[in-house]
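Novice: Below are the structure tokens for one structure; questions will follow.
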Amino acid sequence: MRSVIKSVYEDQSDILNSIIALHCPDGFDCDVTYGNGQFYKNVPQPTYKFDIDPQQDGVIGACSTNLPIRDKVLNSLVFDPPFLTYVRSGREGNGGMIMAKRFAGYWRYDELEDHYRNTIVESKRVLKKDGIMVIKCQDIIHNHKMHCTHANVIQWAATAGFRLLDLFVLPAKHRLPSPNRAGKQKHARIFHSYFLVFK
Ligand SMILES: C[S@@+](CC[C@H](N)C(=O)[O-])C[C@H]1O[C@@H](n2cnc3c(N)ncnc32)[C@H](O)[C@@H]1O
């Protein structure tokens, strides 16, 4: 008997393959933040690969908010933007923030919001009717303020006409950047990220 697909997996390949099994039977058409292609170690490669800073052959340099793709041609699209804010120098890193050395981030939260909102609108343009948009995101705490990015993304996507189909949770394998370097802890340390699936 086929095993039931769950909403939580320890490995992101299991989540991505679950999304394919449930919603994208032909695999993903496009990844607009391809990065190092970590997503596709055990997952079929997307047909179109874009990143603003291509790291691999076959990845086309493009901004996720302005894709070199015609209107309404894709069945599915994957978006995994940076989730950190207050990153001063992108790939050069920001002090001890390990993740910032690998992936660019934003300075202010409204810059993160603009990137999400504009990419969601662009996704709407390039996706066919009933196309699938997959977004990986993570909530963050900065200066003792909680930014509930996954809830915001659901709202931003709804504004653009997308409906949430599924929400997967990926527990962190490693330590994520800490908002609590010294003093009394005021918030739970965030140890998970989300894969949101929209139609
Ligand atoms: C979290 S990483 C993606 C990791 C990727 N999913 C993987 O499996 O390796 C974020 C990526 O977004 C890219 N990026 C940042 N801003 C972008 C933009 N405006 N348009 C396209 N890609 C962007 C970065 O260059 C980085 O490669």
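Labeling convention for the structure tokens: chains A, B, ... as they appear, residues from 1 per chain, ligands from 1 in order of appearance.
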Once you count only C-alpha atoms and all ligand atoms, which residues end up within 9 Å of ligand 1, and could you hand them over as an MDAnalysis selection string?
Specialist: chainID A and resid 31:41 50:55 61:67 78:83 91 99 102:106 115 119 136:137
Novice: Based on the selection just made, write C-alpha atoms of those residues as a PDB file, in the first residue's frame.
Specialist:
ATOM      1  CA  ASP A  31      12.981  27.487 -10.046  1.00  0.00           C
ATOM      2  CA  VAL A  32      13.511  31.261  -9.844  1.00  0.00           C
ATOM      3  CA  THR A  33      16.059  31.196  -6.966  1.00  0.00           C
ATOM      4  CA  TYR A  34      18.025  28.092  -7.978  1.00  0.00           C
ATOM      5  CA  GLY A  35      21.109  28.828  -5.811  1.00  0.00           C
ATOM      6  CA  ASN A  36      23.387  25.791  -5.624  1.00  0.00           C
ATOM      7  CA  GLY A  37      20.582  23.455  -6.620  1.00  0.00           C
ATOM      8  CA  GLN A  38      20.475  21.831  -3.160  1.00  0.00           C
ATOM      9  CA  PHE A  39      16.762  21.214  -3.679  1.00  0.00           C
ATOM     10  CA  TYR A  40      17.442  18.873  -6.570  1.00  0.00           C
ATOM     11  CA  LYS A  41      19.892  16.397  -5.038  1.00  0.00           C
ATOM     12  CA  PHE A  50      17.044  31.181 -12.744  1.00  0.00           C
ATOM     13  CA  ASP A  51      18.981  33.056 -10.066  1.00  0.00           C
ATOM     14  CA  ILE A  52      20.064  36.670  -9.757  1.00  0.00           C
ATOM     15  CA  ASP A  53      23.568  35.383  -9.028  1.00  0.00           C
ATOM     16  CA  PRO A  54      23.997  32.090 -10.930  1.00  0.00           C
ATOM     17  CA  GLN A  55      26.334  29.635  -9.200  1.00  0.00           C
ATOM     18  CA  GLY A  61      20.840  35.166 -14.515  1.00  0.00           C
ATOM     19  CA  ALA A  62      17.468  36.826 -13.921  1.00  0.00           C
ATOM     20  CA  CYS A  63      15.599  38.600 -11.169  1.00  0.00           C
ATOM     21  CA  SER A  64      12.616  36.665  -9.841  1.00  0.00           C
ATOM     22  CA  THR A  65      10.509  39.817 -10.195  1.00  0.00           C
ATOM     23  CA  ASN A  66      11.219  40.138 -13.943  1.00  0.00           C
ATOM     24  CA  LEU A  67      11.547  36.700 -15.542  1.00  0.00           C
ATOM     25  CA  VAL A  78       9.569  27.290  -7.002  1.00  0.00           C
ATOM     26  CA  PHE A  79      10.717  30.374  -5.024  1.00  0.00           C
ATOM     27  CA  ASP A  80      13.211  30.116  -2.132  1.00  0.00           C
ATOM     28  CA  PRO A  81      14.452  33.651  -1.421  1.00  0.00           C
ATOM     29  CA  PRO A  82      16.826  34.688   1.373  1.00  0.00           C
ATOM     30  CA  PHE A  83      15.000  34.891   4.700  1.00  0.00           C
ATOM     31  CA  ARG A  91      27.401  37.108   0.068  1.00  0.00           C
ATOM     32  CA  MET A  99      23.855  31.692   6.493  1.00  0.00           C
ATOM     33  CA  ARG A 102      26.093  31.586   1.618  1.00  0.00           C
ATOM     34  CA  PHE A 103      23.007  33.520   0.541  1.00  0.00           C
ATOM     35  CA  ALA A 104      22.231  37.173   0.147  1.00  0.00           C
ATOM     36  CA  GLY A 105      19.762  38.762   2.521  1.00  0.00           C
ATOM     37  CA  TYR A 106      17.890  42.032   2.939  1.00  0.00           C
ATOM     38  CA  HIS A 115      10.772  40.944  -3.020  1.00  0.00           C
ATOM     39  CA  THR A 119       7.833  37.801  -7.198  1.00  0.00           C
ATOM     40  CA  LYS A 136      10.070  28.111   1.041  1.00  0.00           C
ATOM     41  CA  CYS A 137      10.200  30.594   3.909  1.00  0.00           C
TER      42      CYS A 137
END
Novice: With only C-alpha atoms counted and 10 Å as the cut-off, give the residues of stretch 118-196 of chain A in contact with stretch 7-19 of chain A, each with its shortest interatomic distance in Å and the pair that gives it, as CSV.
Specialist:
residue,atom,partner,partner_atom,distance
A:Ile132,CA,A:Ile19,CA,9.8
A:Val134,CA,A:Ile19,CA,8.5
A:Asp166,CA,A:Ser7,CA,8.0
A:Leu167,CA,A:Ser7,CA,6.7
A:Phe168,CA,A:Ser7,CA,4.6
A:Val169,CA,A:Val8,CA,4.9
A:Leu170,CA,A:Tyr9,CA,5.8
A:Pro171,CA,A:Glu10,CA,6.0
A:Ala172,CA,A:Glu10,CA,7.8
A:Lys173,CA,A:Glu10,CA,7.7
A:His192,CA,A:Glu10,CA,9.9
A:Ser193,CA,A:Gln12,CA,10.0
A:Tyr194,CA,A:Val8,CA,9.4
A:Phe195,CA,A:Ile15,CA,7.7
A:Leu196,CA,A:Ile19,CA,9.6
Novice: Extract the full set of strand (DSSP E or B) residues from stretch 18-197 of chain A according to DSSP on the backbone, and format it as a PyMOL selection string.
Specialist: chain A and resi 30-31+48-51+60-61+63+66+74-79+94+97+127-137+140-142+145-147+164-171+192-197
Novice: What is the distance, in Å and to one decimal place, between atom CA of A:Ala158 and atom CA of A:Asp29?
Specialist: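 Atom CA of A:Asp29 lies 21.9 Å from atom CA of A:Ala158.
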Novice: When you draw a straight line from atom CA of A:Ile120 to atom CA of A:Lys199, how long is it in Å?
Specialist: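 If I compute the distance from atom CA of A:Ile120 to atom CA of A:Lys199, I get 11.5 Å.
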Novice: Taking only C-alpha atoms into account, name the residue in A:Lys186, A:His174, A:His150, A:His23 that is nearest to A:Gly131.
Specialist: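 Among the listed residues, the smallest separation from A:Gly131 belongs to A:His23.
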Novice: Using only C-alpha atoms, can you tell me which of A:Ile20, A:Ile5, A:Ile190, A:Val73 comes closest to A:Met146?
Specialist: A:Ile190
Novice: Which is closer to A:Glu122 than all the others in A:Ala188, A:Ala21, A:Lys72, A:Gln56, using only C-alpha atoms?
Specialist: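 Using only C-alpha atoms, A:Glu122 sits closest to A:Lys72.
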Novice: I need the residue nearest A:Pro46 from this list: A:Phe28, A:Trp107, A:Trp156, A:Tyr116. Use only C-alpha atoms for the distance.
Specialist: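 Looking only at the distances to A:Pro46, the closest residue turns out to be A:Phe28.
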